[in-house]
Amino acid sequence: MYETTYHRASSVDDAAAAFAKGKDSKFLAGGQTLLPVMKQRLAAPSDVIDLSKIKDMIGIVPTNNGIEIKGATTHYDVAESSDVQKAIPGLAYLASVIGDPAVRYRGTIGGSLANNDPAADYPAAVLALNATVKTNKRTIPADDFFKGLFATALEDGEIITAVSFPVTAKSGYAKFRNPASRFALTAVFVARSPSGEVRVAAAGASQSGVMRVGAIESALTTNWSASALDNVKVSASGMLSDIHGTADYRANLVRVMAQRAVIAAG
Amino acid sequence: MGVEGIGASVVRKEDRRFITGKGRYVDDVKLVGMTYAHFIRSPHAHAKVKGIDSSAALKMPGVVAVLTGQQIVDDKVGNLICGWAITSKDGSPMKMGAWPAMAPETVRFVGQAVAVVIADTKNLAKDAAEAVVVDYEELPAVADVRSAIKPGAVQLHPEAPGNIIYDWHIGDEAATKDAFSKAANVVTLELTNNRLVPNAMEPRAAVADYDAAEEHYTLWTTSQNPHVARLVLSAFYNIAPEHKLRVIAPDVGGGFGSKIYIYPEEMVALWASKKVGRPVKWTGDRSEAFLTDAHGRDHISKAEMAFDKDNKILGLRVKTHANFGAYMSLFSSAVPTYLYATLLSGQYVIPAIYAEVVAVYTNTTPVDAYRGAGRPEASYLLERMMETAARQLKVDPAELRKTNFITQFPYQTPVIMAYDIGNFHASIDAAMKAIDYAGFPARKAKAKADGKLRGIGLSCYIEACGIAPSKAVGSLGAGVGLWESAEIRVNPVGTIEVLTGTHSHGQGHETAFAQIISERLGVPISQVSIVHGDTDKVQFGMGTYGSRSIAVGGAAIVKAMEKVEAKAKKIAAHALEASESDIVIENGEFKVTGTDKSIALPMVALAAYTAHNLPDGMEPGLKETAFYDPTNFTFPAGAYICELEVDPGTGKTSFVNFVAADDFGRLINPMIVEGQVHGGLAQGIGQALLEGVVYDGTGQLVTASFMDYSMPRADDLPSFKLSHTTTLCPGNPLGVKGCGEAGAIGASAAVINAITDAIGNNKLEMPATPDRVWHAIHG
Amino acid sequence: MSTVKLTVNGRAVSVDVEDRTLLVHLLRENLNLTGTHVGCDTSQCGACVVHVDGRAVKSCTMLAGQAAGCNVTTIEGLAKGDELHPMQAAFRDNHGLQCGYCTPGMIMSAVDIVHRHGGKLDEETVRQELEGNICRCTGYHNIVKAVLDAAGRMKVAQAAE
């Protein structure tokens with residue numbers, strides 16, 4: 001790791017100010033992605049600004065229309081939250097299968113979304129659940145937030161303070177793990193809103209990062225059941241292909257994981 | 001058997017330090033004034049080193065030195081050696097290219113060191129390494145065997161035209177040809193045995209300390225064989241004379257073969273400690289382990305088996321290409337020859353065998369022995385062949401095996417090995433019973449109804465352990481003898497120290513070896529200490545690999561104990577005024593048989609050291625040494641059966657059951673033996689399902705970390721059902737055979753046979769990842 | 001350089017370290033608590049797991065500064081004097097270790113698993129929960145046995161308290 005300067009921020013404003021002062025600052029949330037990257041000397045921030053102890057950024061708050069998860073809330077706390085389990089069970093389940101137990105104690109929702117690893121879990125939920133990302137500057141709808149592999153709508157120095165999830169009628173997540181990294185080789189989040197709108201997002205599959213899967217959404221809109229997807233074709237074009245899974249295999253997994261997510265959603 | 005003697009599942013004496021965080025591994029060693037080494041490694045698979053500019057790095061704070069490959073050549077440090085000479089078919093010796101510890105001119109694999117930075121801290125060394133500018137001229141690279149042997153392929157070493165190290169053979173070509181001409185059926189198979197990274201959890205490390213006043217070196221290192229390390233560092237690498245070099249292998253966090261070898265990093269640390277006049281520590285990180293620990297396996301084979309009309313095997317023909325990587329590692333040459341082709345008879349009567357092995361250089365990390373070393377490759381080939389044959393001949397795979405089992409012992413195979421004893425029917429019967437083989441078709445049908453593809457696969461392995469008779473291996477080209485040593489010191493108070501030339505890096509020697517003493521003397525194991533891993537304490541020994549520690553090292557302990565007991569009985573008889581032949585040893589006492597007269601061990605020991613009243617002419621003291629050279633290999637064997645389900649939607653495999661029935665001869669500590677089997681099975685299953693090294697066409701390692709190289713996790717594996725059938729090994733005094741490698745040797749074929757049975761497609765290579773299995777199902 | 005103050009195994013400590021120092025290196029290099037190991041550089045193997053404020057985390061994926069003010073327990077702090085923690089005893093009694101290198105992290109994770117799941121653990125759950133701890137020696141068979149055994153012992157110990 002290159003030498004850096006560590007700051008523990010006491011508030012969101014404090015964090016933003018410290019960020020602006022550094023030559024090449026990075027926010028450190030749970031650190032479960034940034035620190036491994038820094039250990040490999042693939043990132044060399046002049047300053048790291050720790051968001052994880054900012055009280056305003058931790059917690060889960062039920063809202064009129066769903067649930068708000070503060071940016072520095074850990075995966076463990078989301079998974080264990082009875083509010084999340086009740087309102088959006090698929091989301092609580094998703095948080096319970098991110099990384100491993102030690103990662104879930106440290107990793108945060110804001111950190112995961114800001115990083116937008118194509119194989120990360122949260123982006124699929126945020127997209128499928130039509131959530132809203134709140135920052136210290138604005139609110140960003142899910143459809144506008146993700147901009148491809150490791151890219152988001154966040155500007156330099158912008159902090160995800162919370163994510164707001166609308167209530168859902170059905171939610172389910174199914175993840176097929178990469179046998180080595182245990183990230184999602186392909187994972188699918190399915191959601192149906194109280195008004196019947198179906199949104200389906202896949203992680204780990206596309207070369208462009210997390211994506212909605214139109215063919216599956218329309219099949220499930222007509223018939224919310226796993227068998228409705230038996231004959232749905234997911235195109236392999238544009239899918240990732242590597243030593244762990246070819247494009248056609250990932251395309252297959254999108255359909256199969258969607259079926260399993262629907263079963264999980266009930 | 002006493003409560004702590006042979007056959008007792010005693011909990012391990014060594015565990016307390018490990019479970020309380022008090023284990024002492026090499027990286028835990030700290031010396032005053034210690035510096036830290038960081039190697040500068042080639043990012044290219046093949047390149048000329050045109051120049052190294054370290055001027056900027058040397059100006060950085062805390063940087064002590066930057067040492068290069070040219071300096072190591074200038075200091076006449078020897079090139080790395082290969083300790084086993086193989087002769088090609090045509091009588092020519094193997095063709096070995098030079099391997100300097102750091103490359104002065106040419107790098108031949110990604111990760112090969114060209115220079116080392118020595119600095120006050122590890123971070124400073126890493127910082128400075130980035131300031132060293134190495135001017136490389138990239139050369140074309142070849143990363144796989146098929147490409148490397150093509151005419152016109154890029155040449156790695158001028159010494160090895162066509163990149164071929166040797167073209168070796170074994171067996172009777174004419175007799176085999178004749179057998180095939182009489183065959184009613186011939187079964188053919190092409191297989192890849194995938195390359196693996198050993199990945200002991202403790203990365204390699206070295207702490208080197210040069211004492212200028214005494215001209216003496218001390219090296220703490222992660223070694224399975226510290227004496228061999230000292231010998232090689234002295235006799236071949238010229239870094240330190242043997243009597244001025246102490247090698248200490250303290251607690252070592254797993255080896256699996258990968259810590260047999262004396263690597264460039266350990267050599268350089270030792271050499272550099274004198275150069276810089278301060279202690280030097282190098283601790284590898286996992287990324288370096290992936291690039292520089294000797295890899296395992298990597299064979300491509302074609303095999304044909306001839307059967308008569310009664311499904312009896314007539315002959316076997318095998319041609320194997322073995323990928324050696326860019327250099328010949330210490331025992332690399334022996335692995336695909338004498339540790340592989342000599343096991344191609346398996347558990348079967350095969351009247352004629354002919355095998356050819358071509359050893360090939362590629363621009364990849366060197367390959368050497370990894371748990372099983374050659375025997376897993378032989379076992380995988382044969383056991384997939386038997387399964388393939390059974391399907392082709394439309395007979396039950398268990399029946400086909402039984403039809404061909406060797407039942408008469410000793411049995412001379414056509415490929416050198418003479419099996420001393422075994423009972424292969426007993427193992428397969430035990431395994432079939434344990435898994436309810438007869439009930440499988442019903443279970444398969446039920447699984448099918450649930451949408452799952454269920455399969456069952458067998459693997460009946462045999463291996464040669466207890467390496468090895470020195471004369472035999474010497475005649476086959478080995479540069480060393482493979483005996484083992486033991487010294488028993490009975491202290492004046494009657495406690496006992498056993499100094500063994502083997503080394504424990506997880507195998508539980510401190511307990512199992514103490515149990516041998518306990519069995520013989522009837523003393524508790526708490527009175528026995530096992531000393532190993534330090535060349536200043538322990539007499540020369542050959543170390544631990546090839547499942548040899550109990551069969552060879554244990555036998556040496558018995559031999560030394562026999563001498564100790566003989567002398568102690570003389571002392572006891574003298575003290576008790578009895579005849580020596582009437583003395584028996586029970587519960588730590590020397591008794592005169594048929595009387596109530598006895599003397600306790602501590603009193604005998606004290607008498608030996610006070611020497612006030614010893615038999616006339618007897619030397620004082622009670623300490624004996626034995627060097628035991630085995631008369632034959634030992635032959636652990638067994639039957640593994642795997643039952644699993646494949647999810648047709650994802651290609652993912654889930655275990656239903658995995659049973660192992662092994663014959664290891666006598667078990668000293670069944671708990672430890674079972675632990676060894678579990679670990680071996682996990683590595684065999686890992687090879688079958690998860691692990692496989694991938695290089696791209698330019699020689700870049702794609703699977704360079706745990707992010708891409710799949711290590712077996714707890715949820716990848718089942719609980720195992722183990723059992724033992726026993727034929728005592730007649731070749732050593734304990735009747736033991738060795739158990740460390742069996743699981744890794746036998747497991748992978750059972751898994752793949754089960755998957756191919758489940759999916760109904762035999763075209764499947766390891767690792768059978770979900771992606772591969774899904775493609776095998778769906779085309 | 002910064003001064004990091006924290007509590008390790010019940011003892012308040014103050015250490016001057018570079019800001020890039022990881023918690024694991026603070027423990028190993030500055031406090032000589034070498035029971036916590038480093039087995040990988042991708043935050044996957046779990047040999048470095050310690051408890052920070054009662055939660056099992058990877059000390060290789062935490063800056064020392066992040067642990068300032070925290071209560072850290074390492075493998076050296078788990079036993080009460082000579083009395084082994086039930087998880088340590090269960091690992092020994094079930095032969096849940098061989099080379100011992102992954103063992104400290106394994107034990108620290110396992111204690112946390114039992115804390116979270118109480119007596120409701122079964123084999124499948126233990127195997128899933130050990131996802132972040134890699135062992136190369138044991139094939140996990142006896143580790144799983146040890147964790148299940150310890151879960152029972154810890155329940156008994158808790159009931160006795």
# chains A, B, ... in the order shown; residues from 1 in each chain; ligands from 1

call {"tool": "interface_residues", "arguments": {"of": "chain C", "to": "chain B", "cutoff": "8 Å", "atoms": "only C-alpha atoms", "output": "PDB file with N, CA and C atoms, in the first residue's frame"}}
result
ATOM      1  N   ARG C  28       0.722  -7.485  14.625  1.00  0.00           N
ATOM      2  CA  ARG C  28       1.878  -8.378  14.484  1.00  0.00           C
ATOM      3  C   ARG C  28       3.200  -7.656  14.724  1.00  0.00           C
ATOM      4  N   LEU C  33       1.814  -9.501  18.517  1.00  0.00           N
ATOM      5  CA  LEU C  33       0.756 -10.516  18.617  1.00  0.00           C
ATOM      6  C   LEU C  33       0.729 -11.278  17.299  1.00  0.00           C
ATOM      7  N   THR C  34       1.638 -12.260  17.195  1.00  0.00           N
ATOM      8  CA  THR C  34       1.851 -12.924  15.909  1.00  0.00           C
ATOM      9  C   THR C  34       0.892 -14.098  15.682  1.00  0.00           C
ATOM     10  N   GLY C  35      -0.061 -14.266  16.582  1.00  0.00           N
ATOM     11  CA  GLY C  35      -1.059 -15.322  16.357  1.00  0.00           C
ATOM     12  C   GLY C  35      -1.992 -14.991  15.213  1.00  0.00           C
ATOM     13  N   THR C  36      -2.155 -13.720  14.919  1.00  0.00           N
ATOM     14  CA  THR C  36      -2.998 -13.303  13.795  1.00  0.00           C
ATOM     15  C   THR C  36      -2.146 -13.357  12.527  1.00  0.00           C
ATOM     16  N   VAL C  38      -1.382 -13.673   8.109  1.00  0.00           N
ATOM     17  CA  VAL C  38      -1.742 -13.155   6.787  1.00  0.00           C
ATOM     18  C   VAL C  38      -1.573 -14.286   5.791  1.00  0.00           C
ATOM     19  N   GLY C  39      -2.646 -14.685   5.136  1.00  0.00           N
ATOM     20  CA  GLY C  39      -2.560 -15.812   4.209  1.00  0.00           C
ATOM     21  C   GLY C  39      -2.860 -15.444   2.776  1.00  0.00           C
ATOM     22  N   CYS C  40      -3.307 -14.207   2.556  1.00  0.00           N
ATOM     23  CA  CYS C  40      -3.565 -13.795   1.174  1.00  0.00           C
ATOM     24  C   CYS C  40      -3.441 -12.291   1.100  1.00  0.00           C
ATOM     25  N   ASP C  41      -3.551 -11.761  -0.108  1.00  0.00           N
ATOM     26  CA  ASP C  41      -3.525 -10.310  -0.253  1.00  0.00           C
ATOM     27  C   ASP C  41      -4.771  -9.812  -0.966  1.00  0.00           C
ATOM     28  N   THR C  42      -5.818 -10.643  -0.942  1.00  0.00           N
ATOM     29  CA  THR C  42      -7.077 -10.251  -1.591  1.00  0.00           C
ATOM     30  C   THR C  42      -8.246 -10.293  -0.608  1.00  0.00           C
ATOM     31  N   GLN C  44      -9.443 -12.582   1.322  1.00  0.00           N
ATOM     32  CA  GLN C  44     -10.347 -13.717   1.176  1.00  0.00           C
ATOM     33  C   GLN C  44     -10.116 -14.869   2.153  1.00  0.00           C
ATOM     34  N   ILE C  75      -6.554 -13.851  18.882  1.00  0.00           N
ATOM     35  CA  ILE C  75      -6.527 -15.240  19.359  1.00  0.00           C
ATOM     36  C   ILE C  75      -5.812 -15.338  20.707  1.00  0.00           C
ATOM     37  N   GLU C  76      -4.838 -14.457  20.925  1.00  0.00           N
ATOM     38  CA  GLU C  76      -4.094 -14.518  22.187  1.00  0.00           C
ATOM     39  C   GLU C  76      -4.964 -14.102  23.375  1.00  0.00           C
ATOM     40  N   LEU C  78      -8.242 -14.840  23.739  1.00  0.00           N
ATOM     41  CA  LEU C  78      -9.501 -15.577  23.790  1.00  0.00           C
ATOM     42  C   LEU C  78      -9.624 -16.441  25.045  1.00  0.00           C
ATOM     43  N   ALA C  79      -8.532 -17.086  25.425  1.00  0.00           N
ATOM     44  CA  ALA C  79      -8.587 -17.951  26.612  1.00  0.00           C
ATOM     45  C   ALA C  79      -8.601 -17.091  27.874  1.00  0.00           C
ATOM     46  N   GLN C  88     -11.652 -23.058  21.307  1.00  0.00           N
ATOM     47  CA  GLN C  88     -10.269 -23.560  21.221  1.00  0.00           C
ATOM     48  C   GLN C  88     -10.214 -25.034  21.616  1.00  0.00           C
ATOM     49  N   PHE C  91     -11.690 -27.246  18.919  1.00  0.00           N
ATOM     50  CA  PHE C  91     -10.785 -27.438  17.772  1.00  0.00           C
ATOM     51  C   PHE C  91      -9.745 -28.508  18.099  1.00  0.00           C
ATOM     52  N   ARG C  92      -9.193 -28.468  19.300  1.00  0.00           N
ATOM     53  CA  ARG C  92      -8.205 -29.476  19.677  1.00  0.00           C
ATOM     54  C   ARG C  92      -8.867 -30.872  19.773  1.00  0.00           C
ATOM     55  N   ASP C  93      -9.989 -30.926  20.441  1.00  0.00           N
ATOM     56  CA  ASP C  93     -10.592 -32.240  20.709  1.00  0.00           C
ATOM     57  C   ASP C  93     -11.125 -32.905  19.445  1.00  0.00           C
ATOM     58  N   ASN C  94     -11.486 -32.099  18.453  1.00  0.00           N
ATOM     59  CA  ASN C  94     -12.018 -32.654  17.204  1.00  0.00           C
ATOM     60  C   ASN C  94     -10.977 -32.687  16.083  1.00  0.00           C
ATOM     61  N   HIS C  95      -9.738 -32.416  16.422  1.00  0.00           N
ATOM     62  CA  HIS C  95      -8.666 -32.378  15.423  1.00  0.00           C
ATOM     63  C   HIS C  95      -9.049 -31.430  14.280  1.00  0.00           C
ATOM     64  N   LEU C  97      -7.582 -28.840  13.343  1.00  0.00           N
ATOM     65  CA  LEU C  97      -6.447 -28.086  12.807  1.00  0.00           C
ATOM     66  C   LEU C  97      -5.326 -29.056  12.466  1.00  0.00           C
ATOM     67  N   GLN C  98      -4.528 -28.667  11.503  1.00  0.00           N
ATOM     68  CA  GLN C  98      -3.336 -29.444  11.190  1.00  0.00           C
ATOM     69  C   GLN C  98      -2.110 -28.533  11.274  1.00  0.00           C
ATOM     70  N   CYS C  99      -1.859 -27.729  10.228  1.00  0.00           N
ATOM     71  CA  CYS C  99      -0.658 -26.896  10.285  1.00  0.00           C
ATOM     72  C   CYS C  99      -0.826 -25.720  11.223  1.00  0.00           C
ATOM     73  N   GLY C 100      -2.057 -25.359  11.531  1.00  0.00           N
ATOM     74  CA  GLY C 100      -2.301 -24.316  12.512  1.00  0.00           C
ATOM     75  C   GLY C 100      -2.308 -22.901  11.970  1.00  0.00           C
ATOM     76  N   TYR C 101      -2.042 -22.749  10.677  1.00  0.00           N
ATOM     77  CA  TYR C 101      -1.879 -21.386  10.159  1.00  0.00           C
ATOM     78  C   TYR C 101      -3.204 -20.655  10.018  1.00  0.00           C
ATOM     79  N   CYS C 102      -4.219 -21.348   9.520  1.00  0.00           N
ATOM     80  CA  CYS C 102      -5.534 -20.711   9.370  1.00  0.00           C
ATOM     81  C   CYS C 102      -6.285 -20.703  10.689  1.00  0.00           C
ATOM     82  N   THR C 103      -5.784 -21.468  11.661  1.00  0.00           N
ATOM     83  CA  THR C 103      -6.545 -21.778  12.872  1.00  0.00           C
ATOM     84  C   THR C 103      -6.969 -20.549  13.688  1.00  0.00           C
ATOM     85  N   PRO C 104      -6.077 -19.596  13.956  1.00  0.00           N
ATOM     86  CA  PRO C 104      -6.536 -18.443  14.746  1.00  0.00           C
ATOM     87  C   PRO C 104      -7.724 -17.714  14.105  1.00  0.00           C
ATOM     88  N   ILE C 107     -10.839 -19.888  14.311  1.00  0.00           N
ATOM     89  CA  ILE C 107     -11.442 -19.907  15.650  1.00  0.00           C
ATOM     90  C   ILE C 107     -12.156 -18.587  15.931  1.00  0.00           C
ATOM     91  N   GLU C 124     -24.881 -27.440   7.567  1.00  0.00           N
ATOM     92  CA  GLU C 124     -24.953 -26.622   6.353  1.00  0.00           C
ATOM     93  C   GLU C 124     -24.679 -25.152   6.674  1.00  0.00           C
ATOM     94  N   ARG C 127     -20.990 -24.553   7.353  1.00  0.00           N
ATOM     95  CA  ARG C 127     -20.208 -24.553   6.106  1.00  0.00           C
ATOM     96  C   ARG C 127     -20.389 -23.238   5.350  1.00  0.00           C
ATOM     97  N   GLN C 128     -21.612 -22.748   5.282  1.00  0.00           N
ATOM     98  CA  GLN C 128     -21.848 -21.472   4.597  1.00  0.00           C
ATOM     99  C   GLN C 128     -21.170 -20.322   5.329  1.00  0.00           C
ATOM    100  N   LEU C 130     -18.545 -20.321   7.034  1.00  0.00           N
ATOM    101  CA  LEU C 130     -17.083 -20.354   6.965  1.00  0.00           C
ATOM    102  C   LEU C 130     -16.559 -19.924   5.590  1.00  0.00           C
ATOM    103  N   GLU C 131     -17.430 -19.331   4.800  1.00  0.00           N
ATOM    104  CA  GLU C 131     -17.055 -18.939   3.443  1.00  0.00           C
ATOM    105  C   GLU C 131     -15.809 -18.059   3.407  1.00  0.00           C
ATOM    106  N   ASN C 133     -13.189 -18.107   5.326  1.00  0.00           N
ATOM    107  CA  ASN C 133     -12.003 -18.692   5.960  1.00  0.00           C
ATOM    108  C   ASN C 133     -11.546 -19.900   5.157  1.00  0.00           C
ATOM    109  N   ILE C 134     -10.329 -19.822   4.656  1.00  0.00           N
ATOM    110  CA  ILE C 134      -9.824 -20.914   3.829  1.00  0.00           C
ATOM    111  C   ILE C 134      -8.830 -21.750   4.630  1.00  0.00           C
ATOM    112  N   CYS C 135      -9.034 -23.052   4.591  1.00  0.00           N
ATOM    113  CA  CYS C 135      -8.108 -24.005   5.187  1.00  0.00           C
ATOM    114  C   CYS C 135      -7.648 -24.940   4.077  1.00  0.00           C
ATOM    115  N   ARG C 136      -6.346 -25.218   4.022  1.00  0.00           N
ATOM    116  CA  ARG C 136      -5.848 -26.113   2.977  1.00  0.00           C
ATOM    117  C   ARG C 136      -5.578 -27.515   3.517  1.00  0.00           C
ATOM    118  N   CYS C 137      -5.590 -27.678   4.851  1.00  0.00           N
ATOM    119  CA  CYS C 137      -5.162 -28.961   5.422  1.00  0.00           C
ATOM    120  C   CYS C 137      -6.307 -29.922   5.729  1.00  0.00           C
ATOM    121  N   THR C 138      -7.364 -29.427   6.320  1.00  0.00           N
ATOM    122  CA  THR C 138      -8.312 -30.321   7.000  1.00  0.00           C
ATOM    123  C   THR C 138      -9.478 -30.774   6.139  1.00  0.00           C
ATOM    124  N   GLY C 139      -9.654 -30.160   4.964  1.00  0.00           N
ATOM    125  CA  GLY C 139     -10.858 -30.455   4.190  1.00  0.00           C
ATOM    126  C   GLY C 139     -12.123 -30.019   4.919  1.00  0.00           C
ATOM    127  N   TYR C 140     -11.938 -29.229   5.978  1.00  0.00           N
ATOM    128  CA  TYR C 140     -13.010 -28.608   6.779  1.00  0.00           C
ATOM    129  C   TYR C 140     -13.833 -29.604   7.600  1.00  0.00           C
ATOM    130  N   HIS C 141     -13.706 -30.896   7.315  1.00  0.00           N
ATOM    131  CA  HIS C 141     -14.550 -31.903   7.974  1.00  0.00           C
ATOM    132  C   HIS C 141     -14.531 -31.726   9.498  1.00  0.00           C
ATOM    133  N   ASN C 142     -13.323 -31.708  10.051  1.00  0.00           N
ATOM    134  CA  ASN C 142     -13.214 -31.632  11.511  1.00  0.00           C
ATOM    135  C   ASN C 142     -13.390 -30.214  12.040  1.00  0.00           C
TER     136      ASN C 142
END

call {"tool": "residues_around", "arguments": {"residues": "Gly684 in chain B", "least_positions_apart": "2", "cutoff": "9 Å", "atoms": "only C-alpha atoms", "output": "JSON list (two decimals) with C-alpha atoms, in the first residue's frame"}}
result
[["chain", "number", "residue", "atom", "x", "y", "z"],
["B", 376, "PRO", "CA", -2.69, -38.65, -8.85],
["B", 679, "GLY", "CA", -7.33, -32.98, 3.64],
["B", 680, "GLY", "CA", -6.20, -35.13, 0.74],
["B", 681, "LEU", "CA", -9.75, -35.68, -0.41],
["B", 682, "ALA", "CA", -10.36, -31.94, -0.31],
["B", 686, "GLY", "CA", -10.56, -29.29, -5.47],
["B", 687, "GLN", "CA", -8.68, -30.46, -8.54],
["B", 688, "ALA", "CA", -11.77, -32.15, -9.91],
["B", 689, "LEU", "CA", -14.25, -29.34, -9.40],
["B", 743, "GLY", "CA", -7.02, -38.64, -0.71],
["B", 744, "ALA", "CA", -5.43, -36.37, -3.27],
["B", 745, "ILE", "CA", -4.51, -39.37, -5.40],
["B", 746, "GLY", "CA", -7.82, -41.17, -5.44],
["B", 747, "ALA", "CA", -10.51, -38.51, -5.18],
["B", 748, "SER", "CA", -10.53, -36.66, -8.47],
["B", 749, "ALA", "CA", -11.38, -39.65, -10.68],
["B", 751, "VAL", "CA", -15.74, -37.12, -8.73]]

call {"tool": "select_by_dssp", "arguments": {"residues": "range 24-149 of chain C", "states": "helix (DSSP H, G or I)", "output": "MDAnalysis selection string"}}
result
chainID C and resid 24:30 59:61 64:67 75:77 86:93 103:120 123:132 141:149

call {"tool": "residues_around", "arguments": {"residues": "range 132-134 of chain A", "least_positions_apart": "2", "cutoff": "12 Å", "atoms": "only C-alpha atoms", "output": "PDB file with C-alpha atoms, in the first residue's frame"}}
result
ATOM      1  CA  MET A  57     -25.038   7.994   7.936  1.00  0.00           C
ATOM      2  CA  ASN A  65     -43.473   4.746   1.139  1.00  0.00           C
ATOM      3  CA  GLY A  66     -40.914   2.146   2.077  1.00  0.00           C
ATOM      4  CA  ILE A  67     -37.593   2.188   3.768  1.00  0.00           C
ATOM      5  CA  GLU A  68     -34.502   4.353   3.845  1.00  0.00           C
ATOM      6  CA  ILE A  69     -31.103   2.860   4.460  1.00  0.00           C
ATOM      7  CA  LYS A  70     -28.362   5.302   5.423  1.00  0.00           C
ATOM      8  CA  GLY A  71     -25.219   5.171   3.329  1.00  0.00           C
ATOM      9  CA  ILE A 109     -24.500  -0.045   1.036  1.00  0.00           C
ATOM     10  CA  GLY A 110     -23.132   3.336   0.034  1.00  0.00           C
ATOM     11  CA  LEU A 113     -23.110   1.417  -4.833  1.00  0.00           C
ATOM     12  CA  ALA A 114     -20.422   4.055  -5.268  1.00  0.00           C
ATOM     13  CA  TYR A 122     -26.596  -4.090  -4.240  1.00  0.00           C
ATOM     14  CA  PRO A 123     -26.757  -2.477  -7.672  1.00  0.00           C
ATOM     15  CA  ALA A 125     -31.488  -4.480  -5.901  1.00  0.00           C
ATOM     16  CA  VAL A 126     -31.357  -0.726  -6.300  1.00  0.00           C
ATOM     17  CA  LEU A 127     -32.154  -1.004  -9.984  1.00  0.00           C
ATOM     18  CA  ALA A 128     -34.877  -3.627  -9.679  1.00  0.00           C
ATOM     19  CA  LEU A 129     -36.499  -1.947  -6.702  1.00  0.00           C
ATOM     20  CA  ASN A 130     -36.439   1.436  -8.447  1.00  0.00           C
ATOM     21  CA  ASN A 136     -25.045  15.248   0.003  1.00  0.00           C
ATOM     22  CA  LYS A 137     -25.923  17.185  -3.133  1.00  0.00           C
ATOM     23  CA  ARG A 138     -29.053  15.680  -4.702  1.00  0.00           C
ATOM     24  CA  THR A 139     -31.200  12.623  -5.247  1.00  0.00           C
ATOM     25  CA  ILE A 140     -30.596  10.310  -8.179  1.00  0.00           C
ATOM     26  CA  PRO A 141     -33.129   7.768  -9.467  1.00  0.00           C
ATOM     27  CA  ALA A 142     -31.737   4.252  -9.889  1.00  0.00           C
ATOM     28  CA  ASP A 143     -32.236   4.319 -13.644  1.00  0.00           C
ATOM     29  CA  ASP A 144     -29.884   7.312 -13.855  1.00  0.00           C
ATOM     30  CA  PHE A 145     -27.339   6.186 -11.302  1.00  0.00           C
ATOM     31  CA  PHE A 146     -25.459   3.289 -12.897  1.00  0.00           C
ATOM     32  CA  THR A 152     -21.875   5.962 -11.573  1.00  0.00           C
ATOM     33  CA  ALA A 153     -23.557   9.339 -11.804  1.00  0.00           C
ATOM     34  CA  LEU A 154     -21.695  10.436  -8.669  1.00  0.00           C
ATOM     35  CA  GLU A 158     -20.245  13.410  -3.734  1.00  0.00           C
ATOM     36  CA  ILE A 159     -21.272  11.166  -0.845  1.00  0.00           C
ATOM     37  CA  ILE A 160     -24.120   8.662  -0.831  1.00  0.00           C
ATOM     38  CA  THR A 161     -25.905   9.534   2.373  1.00  0.00           C
ATOM     39  CA  ALA A 162     -28.853   7.173   2.007  1.00  0.00           C
ATOM     40  CA  VAL A 163     -30.781   4.954  -0.353  1.00  0.00           C
ATOM     41  CA  SER A 164     -34.543   5.085  -0.377  1.00  0.00           C
ATOM     42  CA  PHE A 165     -36.406   1.925  -1.363  1.00  0.00           C
ATOM     43  CA  PRO A 166     -40.111   2.067  -2.182  1.00  0.00           C
TER      44      PRO A 166
END

call {"tool": "select_by_dssp", "arguments": {"residues": "range 30-254 of chain A", "states": "strand (DSSP E or B)", "output": "ChimeraX atom specification"}}
result
/A:47-50,60-63,66-70,74,108,132-135,139-141,146,152,160-166,170-177,184-192,198-203,206,211-212,239,242,245

call {"tool": "interface_residues", "arguments": {"of": "chain A", "to": "chain C", "cutoff": "10 Å", "atoms": "only C-alpha atoms", "output": "PyMOL selection string"}}
result
chain A and resi 1-8+28+30-40+47-48+50+52-53+97+99-106+180-182

call {"tool": "residues_around", "arguments": {"residues": "Lys155 in chain C", "least_positions_apart": "3", "cutoff": "12 Å", "atoms": "only C-alpha atoms", "output": "PyMOL selection string"}}
result
chain C and resi 86-87+111+114-115+117-121+148-152+158-161

call {"tool": "residues_around", "arguments": {"residues": "range 84-93 of chain A", "least_positions_apart": "2", "cutoff": "7 Å", "atoms": "only C-alpha atoms", "output": "list in words"}}
result
Gly66, Val78, Ala79, Ser81, Ser82, Ala95, Ser96, Val97, Ala125, Val167, Thr168, Ser171, Gly172, Tyr173 and Ala265 of chain A
